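Undergrad: Before I ask anything, here is the structure I am working with.
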Amino acid sequence: MENSSRNTLGKNERLKSRKSIEQLFKEGISFSVFPFRVLYLIHKAEDESNPSPGLKAAFSVSKKYFKHATERNRVKRLMRESWRLQKNNLLQSIKEMNSNMMVFIIYTGNEIPEYQLVFEKTGAVLKRLYKNIK
RNA sequence: GCUAUCAGCCGGGUUAUCGCUUCCUGUAUUGCAGGGGGAGGAAAGUCCGGACAGCACAGGGCAACACACCGGUUAACGGCCGGUCCCCACACUUGUUGUGGGGGAGAAAGUGCCACAGAAAAUUACCACCCCGCAGUAAUGCAGGGGCCAGGGUGAAAACGUGAGGUAAGAGCUCACGGUUGCGGCAGGUAACUGCCAUAACGGGUAAACCUUGUGUGCUGUAAUGCCACGUAAAUCAGUGUUGAGGGCGGCCCGUCCGAUCUCCACAGUAAUGUGGGGGACAUUGAAGGGUAGGCAGCAAGAUUGCAGCAGUAAUGCUGCAGCCAGAUAAAUGAUAACUCUUCCGGGCAACCGGGAGACAGAAUCCGGCUUACAGGCUGAUAGUUUUU
RNA sequence: GGAUGAAUAGCUCAACGGCAGAGCGCUGCCCUGUUAAGGCAGGAGAUAAAAGUUCGAAUCUUUUUUCAUCCG
């Protein structure tokens with residue numbers, strides 16, 4: 001499909017609902033790949049309120065380690081960019097399973113990372129998610 | 001040209017690929033295509049002042065808070081501009097100098113405080129000094145009477161300063177010069193204030209201690225507020241009251257305004273009615289909870305931005321022309337690469353080559369300020385210095 | 001985003017504008033076969049930071065930093 005060949009990250013692919021996030025923190029499964037901590041939750045599409053299969057992600061940085069808004073924005077933008085470029089394989093397999101997945105990634109490092117590092121580590125996270133859902 | 005200070009301004013650029021957000025148009029049904037817009041001088045701190053919204057609003061007084069030389073400016077301000085006085089720093093040409101910084105009602109309305117040291121910390125005493133008196137030949141001494149202050153190792157601060165006269169000894173006690181303050185007159189200035197003359201006085205500091213005087217201020221904030229959807233509970237408990245309980249005038253008081261108004265039983269009474277008790281309802285206050293965690297408006301054309309002209313020393317104002325310039329909400333404005341700009345390091349006579357760095361920082365209702373952070377660069381003024389003409 | 005409050009010894013708190021203190025903890029010694037308890041002695045603060053007012057600031061004023069609380 002020509003749709004999957006484009007690397008997008010629009011509003012529908014971001015996790016925005018406060019309710020969903022609370023549910024994710026309550027019931028989600030977590031693991032960590034340094035410098036990230038990842039929470040995720042997966043549903044069958046039919047039995048839940050969200051009928052369409054899809055993948056929603058959110059990114060967060062602690063205020064404790066980055067006091068300035070500029071630095072937090074920088075890290076979150078790097079994380080989003082890496083996710084955008086690499087998430088398509090995972091999306092494809094979730095669509096095949098007709099499921100609905102939410103992912104929440106928290107940056108736990110205490111200094112501003114290089115783009116190269118974020119890119120590689122996000123790849124590792126995706127690989128692990130892919131393995132876990134199989 | 002260089003250095004320093006001050007003021008104002010800028011805060012890298014272009015292209016490609018892949019994305020994000022919003023608006024418009026088309027197709028079409030929440031996709032796709034095309035086009036337009038998309039962080040700052042501080043967006044920050046939330047320190048001031050407004051706009052706007054909700055609640056409250058006859059009026060008066062008190063309290064609380066803020067401000068405080070004078071004039072101007074503004075929607076408003078604790079801001080800004082100009083002037084004035086005092087203090088401090090720097091510079092030199094060493095003075096009616098220049099530049100920069102800080103401060104400004106009242107300490108002569110009253111109260112408080114001023115540790116240690118010191119006789120004394122604010123109008124008072126003590127030591128010492130002098131005279132008289134008494135004792136003594138005298139030196140000298142004193143439970144006496146006066147002078148009442150020049151001297152008293154301190155201290156941040158000591159009762160106008162210096163000199164002379166005067167006196168028993170001394171003192172602004174008197175005089176000369178000087179200082180400060182008050183009142184009055186004249187001159188200049190819108191005024192603060194300045195200069196001169198005359199006269200009286202000399203009273204330490206602290207108001208970022210209480211306070212006094214003058215001026216101003218209703219409170220809460222866009223998570224305000226209004227509407228829609230979903231959902232819950234017209235629920236529960238406690239206090240008070242039902243003709244004067246309570247509430248409003250957002251701290252308090254006066255004053256004033258609003259204000260629920262049912263029924264049953266017992267007793268008294270011929271009755272109207274009154275007293276007591278119970279119940280309900282209502283009013284009001286408080287406690288402890290329940291639901292929602294979505295959407296729309298508020299919310300992007302305004303004390304607006306740019307340029308030009310005019311008025312004004314300036315802040316600022318007026319007029320004309322042109323422009324429309326972010327609107328997210330787990331929160332967009334990004335990533336990568338190349339070239340270029342500035343700058344640093346190394347190599348090289350040089351052209352150039354290689355490597356590194358580019359600050360502080362991210363809108364959340366919007367404006368005017370202040371404060372704080374900031375690589376580097378530009379412009380102007382002043383001062384110094386060097387060279388040339 | 002908006003509105004409040006706080007910062008003193010390792011911890012919990014005191015302290016009129018005039019010498020920075022208490023309790024617990026810590027260190028050493030005594031006691032004990034050893035530990036705890038007990039007794040004796042001791043050290044440790046530039047009062048969160050920087051300016052200002054004052055003769056003198058933990059305290060008063062301003063700015064900054066950090067931490068905490070509240071909201072529909």
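Each chain in the structure tokens gets a letter, A, B and so on, in the order shown; residues start at 1 in every chain, and ligands are counted from 1 in the order they appear.
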Identify, on the basis of only C-alpha atoms (C1' of nucleotides), every residue whose closest approach to stretch 39-42 of chain A does not exceed 7 Å; exclude the query and any residue fewer than 5 positions from it along the same chain; express the result as a ChimeraX atom specification.
TA: /A:24,28-31,99-105
Undergrad: Those residues you just picked out, can you put them in a file as a compact mmCIF listing (two decimals), in the first residue's frame with N, CA and C atoms?
TA:
# COMPACT_ATOMS: atom_id res chain seq x y z
N LEU A 24 -3.58 3.19 30.77
CA LEU A 24 -2.28 2.63 30.40
C LEU A 24 -1.36 2.51 31.61
N GLY A 28 -0.94 -1.22 32.05
CA GLY A 28 0.05 -1.47 31.00
C GLY A 28 1.24 -2.29 31.48
N ILE A 29 1.96 -2.84 30.49
CA ILE A 29 3.16 -3.63 30.76
C ILE A 29 4.36 -2.73 30.48
N SER A 30 5.37 -2.81 31.36
CA SER A 30 6.50 -1.90 31.16
C SER A 30 7.80 -2.65 31.07
N PHE A 31 8.73 -2.07 30.32
CA PHE A 31 10.12 -2.55 30.32
C PHE A 31 10.98 -1.33 30.04
N SER A 99 -5.54 -5.36 15.90
CA SER A 99 -5.45 -4.95 17.30
C SER A 99 -5.25 -3.45 17.42
N ASN A 100 -5.15 -3.04 18.68
CA ASN A 100 -5.10 -1.62 19.00
C ASN A 100 -4.06 -1.46 20.11
N MET A 101 -3.02 -0.69 19.83
CA MET A 101 -1.90 -0.65 20.77
C MET A 101 -1.60 0.79 21.18
N MET A 102 -1.31 0.94 22.51
CA MET A 102 -0.89 2.25 23.02
C MET A 102 0.51 2.11 23.60
N VAL A 103 1.36 3.07 23.29
CA VAL A 103 2.73 3.04 23.78
C VAL A 103 3.06 4.39 24.41
N PHE A 104 3.75 4.33 25.53
CA PHE A 104 4.16 5.57 26.22
C PHE A 104 5.64 5.44 26.53
N ILE A 105 6.43 6.34 25.99
CA ILE A 105 7.88 6.27 26.18
C ILE A 105 8.34 7.46 27.01
Undergrad: Show me, as a Markdown table, the residues of chain B having an atom within 8 Å of chain A, each with the closest atom pair and its distance in Å, using only C-alpha atoms (C1' of nucleotides).
TA:
| residue | atom | partner | partner_atom | distance |
| --- | --- | --- | --- | --- |
| B:C18 | C1' | A:Asn7 | CA | 7.8 |
| B:G19 | C1' | A:Thr8 | CA | 6.6 |
| B:C20 | C1' | A:Gly10 | CA | 7.2 |
| B:A293 | C1' | A:Arg18 | CA | 7.6 |
| B:A330 | C1' | A:Lys16 | CA | 5.7 |
| B:G334 | C1' | A:Arg77 | CA | 6.6 |
| B:A335 | C1' | A:Glu81 | CA | 6.5 |
| B:A361 | C1' | A:Thr70 | CA | 6.9 |
| B:G362 | C1' | A:Thr70 | CA | 5.5 |
Undergrad: Kindly save the residues from that selection, with N, CA and C atoms (P, O5', C5', C4', C3', O3' and C1' of nucleotides) included, as a CSV table (one decimal), in the first residue's frame.
TA:
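Output below, filename selection_19.csv:
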chain,number,residue,atom,x,y,z
B,18,C,P,10.1,14.1,-0.2
B,18,C,O5',10.1,13.7,1.3
B,18,C,C5',10.4,12.3,1.7
B,18,C,C4',10.5,12.3,3.2
B,18,C,C3',9.3,12.7,4.0
B,18,C,O3',8.3,11.7,4.0
B,18,C,C1',11.3,13.6,5.0
B,19,G,P,6.8,12.2,4.2
B,19,G,O5',6.9,13.3,5.3
B,19,G,C5',5.8,13.6,6.1
B,19,G,C4',6.3,13.8,7.6
B,19,G,C3',5.4,14.7,8.4
B,19,G,O3',4.3,14.0,8.9
B,19,G,C1',7.6,15.4,8.6
B,20,C,P,2.8,14.6,8.9
B,20,C,O5',2.9,15.7,10.1
B,20,C,C5',3.2,15.3,11.4
B,20,C,C4',3.2,16.4,12.4
B,20,C,C3',2.1,17.4,12.3
B,20,C,O3',1.0,16.9,13.0
B,20,C,C1',4.1,18.6,12.3
B,293,A,P,-15.6,11.7,31.7
B,293,A,O5',-14.5,12.8,31.8
B,293,A,C5',-14.5,13.9,30.9
B,293,A,C4',-13.2,14.7,31.2
B,293,A,C3',-11.9,13.9,31.0
B,293,A,O3',-11.0,14.7,30.3
B,293,A,C1',-12.0,15.0,33.1
B,330,A,P,-3.7,17.7,25.7
B,330,A,O5',-2.3,17.0,25.3
B,330,A,C5',-1.1,17.7,25.4
B,330,A,C4',0.0,16.8,25.6
B,330,A,C3',0.0,15.6,24.7
B,330,A,O3',1.3,15.2,24.2
B,330,A,C1',0.0,14.8,26.9
B,334,G,P,11.4,24.8,14.4
B,334,G,O5',12.1,23.4,14.7
B,334,G,C5',11.8,22.6,15.8
B,334,G,C4',11.8,21.1,15.5
B,334,G,C3',13.0,20.6,14.8
B,334,G,O3',14.0,20.3,15.7
B,334,G,C1',11.0,19.8,13.7
B,335,A,P,15.6,20.2,15.1
B,335,A,O5',15.6,18.9,14.3
B,335,A,C5',15.6,17.6,14.9
B,335,A,C4',15.7,16.5,13.9
B,335,A,C3',16.9,16.5,13.0
B,335,A,O3',18.0,15.9,13.7
B,335,A,C1',15.0,16.2,11.7
B,361,A,P,19.5,29.6,29.8
B,361,A,O5',17.9,29.9,29.6
B,361,A,C5',17.2,29.1,28.7
B,361,A,C4',16.4,30.1,27.8
B,361,A,C3',15.1,29.5,27.3
B,361,A,O3',14.1,29.7,28.2
B,361,A,C1',16.3,30.6,25.5
B,362,G,P,13.0,28.6,28.6
B,362,G,O5',11.8,28.8,27.6
B,362,G,C5',11.9,28.4,26.3
B,362,G,C4',10.7,29.0,25.5
B,362,G,C3',9.4,28.2,25.7
B,362,G,O3',8.3,29.1,25.7
B,362,G,C1',10.1,28.0,23.5
Undergrad: List every residue of stretch 71-124 of chain B that has an atom at most 12 Å from any atom of stretch 35-57 of chain C, giving for each one its closest atom pair and the distance in Å to one decimal, counting only C-alpha atoms (C1' of nucleotides), sorted by chain and then by ascending residue number, as a tab-separated table.
TA:
residue	atom	partner	partner_atom	distance
B:G102	C1'	C:G52	C1'	10.2
B:G103	C1'	C:U53	C1'	11.3
B:C114	C1'	C:C55	C1'	8.9
B:A115	C1'	C:G56	C1'	8.9
B:C116	C1'	C:G56	C1'	11.4
Undergrad: Please extract the residues of stretch 3-134 of chain A with a backbone DSSP assignment of helix (DSSP H, G or I) and present them as a PyMOL selection string.
TA: chain A and resi 3-5+11-13+18-27+69-86+88-97+115-133
Undergrad: Using DSSP on the backbone, list every residue of chain A that comes out as strand (DSSP E), and give them as an mmCIF file with N, CA and C atoms, in the first residue's frame.
TA:
data_model
loop_
_atom_site.group_PDB
_atom_site.id
_atom_site.type_symbol
_atom_site.label_atom_id
_atom_site.label_comp_id
_atom_site.auth_asym_id
_atom_site.auth_seq_id
_atom_site.Cartn_x
_atom_site.Cartn_y
_atom_site.Cartn_z
ATOM 1 N N ILE A 29 1.955 -2.843 30.495
ATOM 2 C CA ILE A 29 3.163 -3.629 30.758
ATOM 3 C C ILE A 29 4.358 -2.728 30.476
ATOM 4 N N SER A 30 5.369 -2.810 31.359
ATOM 5 C CA SER A 30 6.496 -1.899 31.157
ATOM 6 C C SER A 30 7.801 -2.653 31.070
ATOM 7 N N PHE A 31 8.728 -2.074 30.319
ATOM 8 C CA PHE A 31 10.117 -2.549 30.318
ATOM 9 C C PHE A 31 10.979 -1.328 30.042
ATOM 10 N N SER A 32 12.317 -1.504 30.185
ATOM 11 C CA SER A 32 13.142 -0.334 29.890
ATOM 12 C C SER A 32 14.349 -0.719 29.061
ATOM 13 N N VAL A 33 14.631 0.122 28.088
ATOM 14 C CA VAL A 33 15.843 0.039 27.275
ATOM 15 C C VAL A 33 16.520 1.381 27.451
ATOM 16 N N PHE A 36 15.471 4.757 27.795
ATOM 17 C CA PHE A 36 14.022 4.884 27.767
ATOM 18 C C PHE A 36 13.374 3.941 28.760
ATOM 19 N N ARG A 37 12.142 4.330 29.165
ATOM 20 C CA ARG A 37 11.268 3.435 29.888
ATOM 21 C C ARG A 37 9.974 3.394 29.087
ATOM 22 N N VAL A 38 9.471 2.192 28.801
ATOM 23 C CA VAL A 38 8.371 2.034 27.861
ATOM 24 C C VAL A 38 7.197 1.372 28.562
ATOM 25 N N LEU A 39 5.987 1.924 28.347
ATOM 26 C CA LEU A 39 4.763 1.270 28.801
ATOM 27 C C LEU A 39 3.922 0.995 27.569
ATOM 28 N N TYR A 40 3.303 -0.213 27.531
ATOM 29 C CA TYR A 40 2.403 -0.434 26.403
ATOM 30 C C TYR A 40 1.222 -1.285 26.831
ATOM 31 N N LEU A 41 0.163 -1.237 25.999
ATOM 32 C CA LEU A 41 -1.074 -1.958 26.267
ATOM 33 C C LEU A 41 -1.686 -2.297 24.926
ATOM 34 N N ILE A 42 -2.158 -3.550 24.835
ATOM 35 C CA ILE A 42 -2.683 -3.983 23.541
ATOM 36 C C ILE A 42 -4.065 -4.599 23.715
ATOM 37 N N HIS A 43 -4.959 -4.236 22.805
ATOM 38 C CA HIS A 43 -6.337 -4.733 22.833
ATOM 39 C C HIS A 43 -6.662 -5.381 21.507
ATOM 40 N N LYS A 44 -7.633 -6.302 21.553
ATOM 41 C CA LYS A 44 -8.289 -6.711 20.303
ATOM 42 C C LYS A 44 -9.208 -5.577 19.896
ATOM 43 N N GLY A 54 -4.961 0.311 15.211
ATOM 44 C CA GLY A 54 -3.991 1.398 15.091
ATOM 45 C C GLY A 54 -2.961 1.362 16.194
ATOM 46 N N LEU A 55 -2.053 2.296 16.092
ATOM 47 C CA LEU A 55 -0.934 2.388 17.022
ATOM 48 C C LEU A 55 -0.848 3.838 17.487
ATOM 49 N N LYS A 56 -0.915 4.024 18.818
ATOM 50 C CA LYS A 56 -0.841 5.382 19.352
ATOM 51 C C LYS A 56 0.348 5.485 20.297
ATOM 52 N N ALA A 57 1.082 6.580 20.174
ATOM 53 C CA ALA A 57 2.293 6.724 20.981
ATOM 54 C C ALA A 57 2.322 8.095 21.647
ATOM 55 N N ALA A 58 2.945 8.132 22.806
ATOM 56 C CA ALA A 58 3.167 9.403 23.494
ATOM 57 C C ALA A 58 4.584 9.434 24.030
ATOM 58 N N PHE A 59 5.116 10.628 24.182
ATOM 59 C CA PHE A 59 6.512 10.780 24.598
ATOM 60 C C PHE A 59 6.587 11.757 25.754
ATOM 61 N N SER A 60 7.476 11.475 26.678
ATOM 62 C CA SER A 60 7.540 12.321 27.862
ATOM 63 C C SER A 60 8.970 12.438 28.362
ATOM 64 N N VAL A 61 9.256 13.593 28.964
ATOM 65 C CA VAL A 61 10.579 13.858 29.533
ATOM 66 C C VAL A 61 10.368 14.444 30.918
ATOM 67 N N SER A 99 -5.536 -5.356 15.898
ATOM 68 C CA SER A 99 -5.454 -4.950 17.304
ATOM 69 C C SER A 99 -5.253 -3.447 17.421
ATOM 70 N N ASN A 100 -5.150 -3.043 18.679
ATOM 71 C CA ASN A 100 -5.096 -1.621 19.005
ATOM 72 C C ASN A 100 -4.059 -1.463 20.110
ATOM 73 N N MET A 101 -3.016 -0.692 19.829
ATOM 74 C CA MET A 101 -1.902 -0.646 20.770
ATOM 75 C C MET A 101 -1.604 0.789 21.182
ATOM 76 N N MET A 102 -1.306 0.941 22.505
ATOM 77 C CA MET A 102 -0.888 2.246 23.016
ATOM 78 C C MET A 102 0.507 2.113 23.602
ATOM 79 N N VAL A 103 1.356 3.065 23.286
ATOM 80 C CA VAL A 103 2.733 3.036 23.779
ATOM 81 C C VAL A 103 3.057 4.393 24.407
ATOM 82 N N PHE A 104 3.746 4.331 25.534
ATOM 83 C CA PHE A 104 4.157 5.568 26.219
ATOM 84 C C PHE A 104 5.640 5.443 26.527
ATOM 85 N N ILE A 105 6.430 6.338 25.991
ATOM 86 C CA ILE A 105 7.881 6.271 26.179
ATOM 87 C C ILE A 105 8.341 7.461 27.015
ATOM 88 N N ILE A 106 9.100 7.147 28.061
ATOM 89 C CA ILE A 106 9.635 8.187 28.943
ATOM 90 C C ILE A 106 11.144 8.192 28.827
ATOM 91 N N TYR A 107 11.694 9.360 28.639
ATOM 92 C CA TYR A 107 13.153 9.491 28.587
ATOM 93 C C TYR A 107 13.671 9.631 30.009
#
Undergrad: Between atom C1' of B:G144 and atom C1' of B:U123, what is the distance, to one decimal in Å?
TA: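 Spanning atom C1' of B:G144 to atom C1' of B:U123 is a straight-line distance of 28.5 Å.
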Undergrad: Please identify all polymer residues within 12 Å of B:C65, counting only C-alpha atoms (C1' of nucleotides), omitting same-chain residues fewer than 4 positions from it, and present them as an mmCIF file with N, CA and C atoms (P, O5', C5', C4', C3', O3' and C1' of nucleotides), in the first residue's frame.
TA:
data_model
loop_
_atom_site.group_PDB
_atom_site.id
_atom_site.type_symbol
_atom_site.label_atom_id
_atom_site.label_comp_id
_atom_site.auth_asym_id
_atom_site.auth_seq_id
_atom_site.Cartn_x
_atom_site.Cartn_y
_atom_site.Cartn_z
ATOM 1 P P G B 216 -7.441 60.989 45.479
ATOM 2 O "O5'" G B 216 -7.064 59.480 45.143
ATOM 3 C "C5'" G B 216 -6.626 59.134 43.831
ATOM 4 C "C4'" G B 216 -6.041 57.744 43.811
ATOM 5 C "C3'" G B 216 -6.985 56.613 44.151
ATOM 6 O "O3'" G B 216 -7.831 56.280 43.063
ATOM 7 C "C1'" G B 216 -4.906 56.283 45.231
ATOM 8 P P U B 217 -9.282 55.638 43.357
ATOM 9 O "O5'" U B 217 -8.954 54.149 43.816
ATOM 10 C "C5'" U B 217 -8.402 53.225 42.893
ATOM 11 C "C4'" U B 217 -7.964 51.960 43.598
ATOM 12 C "C3'" U B 217 -9.062 51.169 44.291
ATOM 13 O "O3'" U B 217 -9.798 50.384 43.377
ATOM 14 C "C1'" U B 217 -7.149 51.300 45.694
ATOM 15 P P G B 251 -15.116 42.822 53.165
ATOM 16 O "O5'" G B 251 -13.759 42.109 53.645
ATOM 17 C "C5'" G B 251 -13.754 41.018 54.530
ATOM 18 C "C4'" G B 251 -13.040 41.383 55.810
ATOM 19 C "C3'" G B 251 -13.886 42.158 56.808
ATOM 20 O "O3'" G B 251 -14.601 41.274 57.654
ATOM 21 C "C1'" G B 251 -11.835 43.290 56.477
#
Undergrad: Could you give me, as a PyMOL selection string, the residues within 12 Å of B:C299, counting only C-alpha atoms (C1' of nucleotides) and dropping anything in the same chain fewer than 4 positions from it?
TA: chain B and resi 222+326-328+364-366
